[in-house]
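Below: structure_17.txt (compact mmCIF, C-alpha atoms and all ligand atoms)
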# COMPACT_ATOMS: atom_id res chain seq x y z
CA MET A 915 -12.93 -15.00 13.26
CA GLY A 916 -9.45 -15.75 14.44
CA THR A 917 -7.22 -13.23 16.07
CA LEU A 918 -4.61 -11.86 13.75
CA ALA A 919 -1.50 -10.68 15.47
CA ARG A 920 -0.04 -7.81 13.54
CA PRO A 921 3.73 -7.95 13.43
CA ALA A 922 4.99 -5.23 15.69
CA PRO A 923 7.06 -2.53 14.09
CA GLU A 924 10.65 -2.48 15.13
CA PRO A 925 11.82 0.72 16.73
CA GLY A 926 14.59 2.17 14.64
CA GLU A 927 15.94 5.00 12.66
CA ARG A 928 14.75 5.65 9.16
CA GLY A 929 16.77 3.54 6.81
CA ALA A 930 18.31 1.47 9.55
CA MET A 931 16.89 -1.91 8.75
CA GLN A 932 16.20 -4.18 11.65
CA GLU A 933 16.18 -7.85 10.86
CA ASN A 934 14.21 -9.75 13.45
CA GLU A 935 12.52 -12.86 12.23
CA SER A 936 10.71 -14.56 15.07
CA PRO A 937 9.00 -17.93 15.13
CA PRO A 938 5.25 -18.05 14.71
CA THR A 939 3.16 -17.30 17.77
CA SER A 940 0.44 -19.61 19.01
CA THR A 941 -1.90 -17.88 16.59
CA GLY A 942 0.30 -19.07 13.80
CA VAL A 943 1.35 -15.60 12.82
CA PRO A 944 4.98 -14.65 13.25
CA VAL A 945 5.77 -11.58 15.26
CA GLY A 946 8.77 -9.34 14.92
CA ARG A 947 9.21 -7.94 11.48
CA ARG A 948 11.37 -5.72 9.46
CA VAL A 949 8.91 -2.88 9.56
CA VAL A 950 10.93 0.13 10.50
CA LEU A 951 9.27 2.98 12.28
CA GLY A 952 11.60 5.66 11.19
CA MET A 953 9.69 8.86 11.67
CA LEU A 954 11.79 11.27 13.63
CA GLY A 955 11.13 11.07 17.32
CA LEU A 956 9.67 7.61 17.20
CA GLY A 957 12.96 5.86 17.74
CA ALA A 958 12.08 4.64 21.20
CA ALA A 959 8.38 4.07 20.69
CA ALA A 960 7.57 0.41 20.43
CA VAL A 961 4.27 -1.35 20.02
CA ALA A 962 4.13 -4.49 22.12
CA ALA A 963 2.04 -7.26 20.67
CA GLY A 964 0.36 -6.95 17.32
CA PRO A 965 -2.90 -5.12 17.17
CA VAL A 966 -5.88 -6.99 15.91
CA LEU A 967 -7.69 -6.04 12.77
CA GLN A 968 -11.29 -6.50 13.80
CA ASP A 969 -11.60 -6.23 17.56
CA GLY A 970 -8.31 -5.10 18.98
CA ALA A 971 -7.04 -2.16 17.03
CA ALA A 972 -8.69 0.37 19.31
CA GLY A 973 -6.63 -0.92 22.18
CA LEU A 974 -3.48 0.31 20.56
CA ARG A 975 -4.74 3.56 19.16
CA GLY A 976 -2.78 6.37 20.64
CA THR A 977 0.09 4.32 22.02
CA LEU A 978 2.38 5.97 19.51
CA ALA A 979 2.95 9.67 19.37
CA PRO A 980 1.99 11.14 16.01
CA GLY A 981 4.93 11.21 13.68
CA GLY A 982 5.77 14.34 11.82
CA THR A 983 3.17 17.03 11.44
CA ASN A 984 0.55 15.29 9.35
CA GLY A 985 -0.07 12.13 11.38
CA PHE A 986 1.56 9.63 9.06
CA ARG A 987 4.25 7.21 10.20
CA TYR A 988 7.07 6.15 7.96
CA TYR A 989 7.14 2.46 7.11
CA SER A 990 9.50 0.43 5.00
CA VAL A 991 10.20 -3.27 5.14
CA THR A 992 13.67 -2.58 3.77
CA GLY A 993 16.41 -0.15 4.59
CA SER A 994 16.97 2.96 2.56
CA VAL A 995 15.19 3.11 -0.79
CA MET A 996 16.84 4.79 -3.78
CA PRO A 997 14.74 7.85 -4.67
CA GLN A 998 13.25 8.06 -8.16
CA GLY A 999 12.17 11.25 -9.82
CA ALA A 1000 10.77 12.75 -12.98
CA THR A 1001 13.60 11.51 -15.21
CA THR A 1002 14.25 8.05 -13.75
CA TYR A 1003 10.82 6.83 -12.65
CA ARG A 1004 9.12 4.11 -14.71
CA LEU A 1005 5.91 2.13 -14.16
CA THR A 1006 5.74 -1.13 -16.08
CA VAL A 1007 2.37 -2.70 -16.81
CA GLY A 1008 2.52 -6.29 -17.97
CA GLY A 1009 1.46 -9.85 -17.40
CA LEU A 1010 -1.93 -10.78 -18.82
CA VAL A 1011 -2.47 -7.59 -20.80
CA ASP A 1012 -3.09 -7.02 -24.50
CA ARG A 1013 -0.58 -4.14 -24.79
CA PRO A 1014 2.24 -4.11 -22.21
CA ALA A 1015 3.38 -0.60 -21.39
CA THR A 1016 6.09 1.33 -19.60
CA LEU A 1017 5.06 4.77 -18.41
CA THR A 1018 7.11 7.73 -17.28
CA LEU A 1019 5.93 10.09 -14.58
CA ARG A 1020 5.06 12.62 -17.26
CA GLU A 1021 2.96 10.06 -19.13
CA LEU A 1022 1.07 9.23 -15.93
CA GLU A 1023 0.50 12.94 -15.31
CA ASP A 1024 -0.90 13.32 -18.83
CA LEU A 1025 -3.58 10.67 -18.26
CA PRO A 1026 -6.95 11.76 -16.83
CA GLN A 1027 -6.59 12.45 -13.12
CA ALA A 1028 -9.05 11.42 -10.43
CA ARG A 1029 -9.32 12.45 -6.80
CA VAL A 1030 -9.98 10.01 -3.97
CA VAL A 1031 -10.51 11.34 -0.45
CA HIS A 1032 -10.68 8.79 2.34
CA ASP A 1033 -9.47 8.07 5.86
CA VAL A 1034 -6.10 6.32 6.02
CA VAL A 1035 -6.04 3.52 8.62
CA CYS A 1036 -3.00 1.45 9.56
CA THR A 1037 -3.42 -1.81 11.44
CA ASP A 1038 -0.94 -0.54 14.01
CA GLY A 1039 -3.67 1.69 15.37
CA TRP A 1040 -3.11 5.12 13.87
CA GLN A 1041 -5.23 6.85 11.31
CA VAL A 1042 -5.50 10.11 9.43
CA GLU A 1043 -8.91 11.38 8.38
CA HIS A 1044 -10.03 12.60 4.96
CA VAL A 1045 -6.74 12.36 3.09
CA PRO A 1046 -6.87 13.47 -0.56
CA PHE A 1047 -4.99 11.43 -3.15
CA ASP A 1048 -4.92 12.35 -6.84
CA GLY A 1049 -3.77 10.29 -9.78
CA VAL A 1050 -4.80 7.75 -12.37
CA LEU A 1051 -7.59 5.34 -11.53
CA LEU A 1052 -6.18 1.83 -11.75
CA ARG A 1053 -9.19 0.81 -13.82
CA ASP A 1054 -8.42 3.50 -16.39
CA LEU A 1055 -4.88 2.21 -16.77
CA LEU A 1056 -6.13 -1.37 -17.08
CA ASP A 1057 -8.57 -0.24 -19.77
CA THR A 1058 -5.71 1.44 -21.61
CA VAL A 1059 -3.59 -1.72 -21.80
CA GLY A 1060 -6.55 -4.05 -22.39
CA LEU A 1061 -7.17 -7.31 -20.57
CA PRO A 1062 -7.71 -10.81 -21.97
CA PRO A 1063 -10.57 -12.92 -20.53
CA GLU A 1064 -8.26 -14.93 -18.26
CA ALA A 1065 -7.23 -11.83 -16.28
CA ARG A 1066 -8.39 -12.18 -12.67
CA ALA A 1067 -6.09 -10.24 -10.37
CA VAL A 1068 -3.40 -7.59 -10.16
CA ARG A 1069 -0.01 -7.84 -8.51
CA PHE A 1070 1.97 -4.77 -7.49
CA THR A 1071 5.73 -4.52 -7.14
CA CYS A 1072 7.83 -1.71 -5.74
CA PHE A 1073 11.22 -0.21 -6.45
CA ASP A 1074 12.31 -0.97 -2.92
CA GLY A 1075 12.74 -4.42 -4.41
CA VAL A 1076 10.83 -6.24 -1.68
CA TYR A 1077 7.27 -5.11 -1.04
CA THR A 1078 4.41 -6.59 -3.00
CA GLU A 1079 0.63 -6.29 -2.91
CA SER A 1080 -2.36 -7.66 -4.76
CA LEU A 1081 -5.99 -7.04 -5.59
CA THR A 1082 -8.67 -9.02 -7.32
CA LEU A 1083 -9.65 -7.56 -10.67
CA GLU A 1084 -13.01 -6.60 -9.22
CA GLN A 1085 -11.32 -4.66 -6.42
CA ALA A 1086 -8.85 -3.12 -8.86
CA ARG A 1087 -11.72 -1.73 -10.94
CA ARG A 1088 -13.27 0.25 -8.10
CA ASP A 1089 -13.46 4.01 -8.38
CA ASP A 1090 -11.62 4.43 -5.06
CA VAL A 1091 -8.43 2.63 -6.08
CA VAL A 1092 -5.93 5.08 -7.53
CA ILE A 1093 -2.35 5.13 -8.75
CA ALA A 1094 -1.54 8.24 -6.81
CA LEU A 1095 0.80 10.97 -8.01
CA ARG A 1096 -0.29 13.46 -5.36
CA MET A 1097 -1.19 13.17 -1.70
CA LEU A 1098 -2.37 15.98 0.57
CA ASP A 1099 -2.50 18.24 -2.52
CA ALA A 1100 1.23 17.99 -3.17
CA PRO A 1101 3.54 15.64 -5.05
CA ILE A 1102 4.13 12.47 -3.01
CA GLU A 1103 7.39 12.74 -1.11
CA HIS A 1104 9.92 9.96 -1.27
CA ASP A 1105 9.30 8.82 2.31
CA ALA A 1106 5.59 8.62 1.59
CA GLY A 1107 6.23 6.28 -1.33
CA GLY A 1108 6.64 8.85 -4.08
CA PRO A 1109 6.73 9.69 -6.80
CA VAL A 1110 3.98 7.10 -7.31
CA ARG A 1111 2.16 4.99 -4.74
CA LEU A 1112 -1.01 3.00 -4.76
CA PHE A 1113 -4.00 4.11 -2.69
CA VAL A 1114 -6.60 1.45 -1.99
CA ALA A 1115 -9.00 3.67 -0.09
CA PRO A 1116 -11.45 1.06 1.31
CA MET A 1117 -8.73 -1.17 2.78
CA TYR A 1118 -6.11 -0.99 5.50
CA PHE A 1119 -3.12 1.09 4.47
CA TYR A 1120 -0.80 -1.88 4.01
CA LYS A 1121 -2.60 -2.47 0.70
CA SER A 1122 -1.37 0.92 -0.53
CA ALA A 1123 2.02 -0.04 -1.89
CA LYS A 1124 4.63 2.71 -1.76
CA TRP A 1125 7.27 3.26 -4.48
CA LEU A 1126 5.06 1.53 -7.04
CA SER A 1127 7.07 0.29 -10.02
CA GLY A 1128 5.19 -2.64 -11.48
CA ILE A 1129 1.63 -3.70 -12.21
CA GLU A 1130 1.25 -7.29 -13.34
CA VAL A 1131 -2.10 -8.73 -14.32
CA THR A 1132 -2.38 -12.37 -13.22
CA ASP A 1133 -4.83 -15.25 -13.45
CA SER A 1134 -5.19 -15.52 -9.66
CA VAL A 1135 -4.41 -13.46 -6.57
CA ARG A 1136 -0.79 -13.70 -5.44
CA PRO A 1137 -0.73 -12.76 -1.74
CA GLY A 1138 1.52 -9.80 -1.00
CA TYR A 1139 4.37 -9.27 1.45
CA TRP A 1140 2.33 -9.13 4.65
CA GLU A 1141 -0.31 -11.46 3.33
CA GLN A 1142 2.22 -14.26 3.04
CA THR A 1143 2.55 -13.99 6.84
CA GLY A 1144 -1.16 -14.32 7.51
CA TRP A 1145 -2.58 -10.84 7.03
CA PRO A 1146 -5.85 -10.80 5.08
CA VAL A 1147 -5.67 -10.37 1.33
CA ASP A 1148 -9.10 -8.75 1.51
CA ALA A 1149 -8.21 -6.04 4.00
CA TRP A 1150 -11.53 -4.17 4.06
CA LEU A 1151 -11.89 -1.41 6.59
CA PRO A 1152 -14.87 -1.58 8.94
CA ASP A 1153 -17.99 -0.46 7.03
CA GLU A 1154 -16.29 -1.06 3.70
CA GLY A 1155 -16.48 -4.10 1.52
CA PRO A 1156 -17.48 -5.50 -1.82
CA ARG A 1157 -20.10 -3.44 -3.62
CA ASP A 1158 -23.05 -4.85 -5.45
CA ALA A 1159 -22.34 -5.02 -9.14
N1 LIG B 1201 6.78 -0.45 -0.52
C1 LIG B 1201 6.15 -0.42 0.67
N2 LIG B 1201 4.85 -0.05 0.70
C2 LIG B 1201 4.19 -0.01 1.88
C3 LIG B 1201 4.81 -0.41 3.09
C4 LIG B 1201 6.17 -0.80 3.03
O1 LIG B 1201 6.81 -1.15 4.04
N3 LIG B 1201 6.80 -0.79 1.80
N4 LIG B 1201 4.11 -0.38 4.28
C5 LIG B 1201 2.65 -0.37 4.20
C6 LIG B 1201 2.04 -0.01 5.46
S1 LIG B 1201 1.88 -1.23 6.64
C7 LIG B 1201 1.55 1.24 5.69
S2 LIG B 1201 0.72 1.65 7.10
C8 LIG B 1201 1.77 2.31 4.71
C9 LIG B 1201 2.57 3.42 5.37
O2 LIG B 1201 2.67 4.52 4.51
P1 LIG B 1201 3.47 5.80 5.02
O3 LIG B 1201 4.89 5.36 5.27
O4 LIG B 1201 3.33 6.79 3.93
O5 LIG B 1201 2.80 6.24 6.29
O6 LIG B 1201 2.46 1.90 3.55
C10 LIG B 1201 2.17 0.59 3.13
N5 LIG B 1201 2.88 0.38 1.88
MO MO B 1202 0.41 -0.30 8.22
Would you kindly transcribe this structure into structure tokens?
Amino acid sequence: MGTLARPAPEPGERGAMQENESPPTSTGVPVGRRVVLGMLGLGAAAVAAGPVLQDGAAGLRGTLAPGGTNGFRYYSVTGSVMPQGATTYRLTVGGLVDRPATLTLRELEDLPQARVVHDVVCTDGWQVEHVPFDGVLLRDLLDTVGLPPEARAVRFTCFDGVYTESLTLEQARRDDVVIALRMLDAPIEHDAGGPVRLFVAPMYFYKSAKWLSGIEVTDSVRPGYWEQTGWPVDAWLPDEGPRDA
């Protein structure tokens, strides 16, 4: 399999967007991205070349000091993101669905809640073990709105206005893919993508869109933000992958 150069995060303050579009490398994958490592104290920490998903990630593990107290690093491909809370937050569910819906935070909280506990692994080489996420299983929400036969995939949009992600319908129906309202047994903080973020437990953390605002059912997979630059759409973690039906 080919080497995938992960775009290196730009050093920078939280909210200070760094624009640095570089030409593609010899691997065909551009380096230098608008990922902002904004966690306090990480301002000067830079990752050199992109880590590699399959065989190179270990080489970078530990090159960044842990950010904050819980091991997570702040990422955003844009500058500051307008916070949304209990009164302003909305999740729209549309596209190829029988009954389009717009849900408030309260309405999401009132749906049956599920807990998914899994390691979080970023392609930049850091990970956090056994992280609990609680919320609404994506498959339960899809069942609620109803899908026509031509539905094949799900596209996610975010209220940062830029980030997108995608899953096949089969992946979206797994019991470890959750529309998370809680993380680490607390409401999801704004910097962690709250009040609502996706958690795709069996895949690299870039699949877990923060600041989730839209779910669109489509007839084919639309590659997301990073995937348009060459990152795998099927971002299975080692030892994870499609399950037998
Ligand atoms: N909207 C949005 N979601 C996103 C990202 C982003 O930049 N914007 N970065 C992704 C990546 S690469 C990672 S590792 C995680 C980081 O989540 P954290 O900031 O809570 O650590 O969010 C993922 N989801
Ligand atoms: Mo990441």
Contacts to ligand LIG 1201 (chain B) at 6 Å cut-off (all atoms listed in the file) as a PyMOL selection string: chain A and resi 986-991+1036+1072+1077+1106+1119-1120+1122-1125
Among A:Gly1008, A:Gly1108, A:Gly1039, A:Gly999, ligand MO 1202 (chain B) is approached most closely, using all atoms listed in the file, by A:Gly1039
Counting all atoms listed in the file, figure out which residue out of A:Leu1056, A:Val995, A:Met1117, A:Val1092 gets nearest to ligand MO 1202 (chain B). A:Met1117
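With only the atoms specified (all atoms listed in the file) counting, those residues at most 9 Å away from (-7.7, 4.4, 8.6) are His1032, Asp1033, Val1034, Val1035, Cys1036, Thr1037, Gly1039, Trp1040, Gln1041, Val1042, Glu1043, Ala1115, Pro1116, Met1117, Tyr1118, Phe1119 and Leu1151 of chain A.
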So what do you get for atom CA of A:Tyr1003 versus atom CA of A:Gly1128, distance-wise? 11.1 Å
So which residues fall inside 12 Å of (-6.3, 4.2, -10.5) if we count all atoms listed in the file? Mind giving them as a VMD selection string? chain A and resid 1022 1025 to 1030 1047 to 1058 1085 to 1095 1110 to 1115 1122 1129
Show me, as a ChimeraX atom specification, the residues that have an atom within 9 Å of stretch 1011-1019 of chain A when counting only C-alpha atoms, minus same-chain residues fewer than 6 positions from it. /A:999-1005,1056,1058-1062,1065,1095,1109-1110,1130-1132
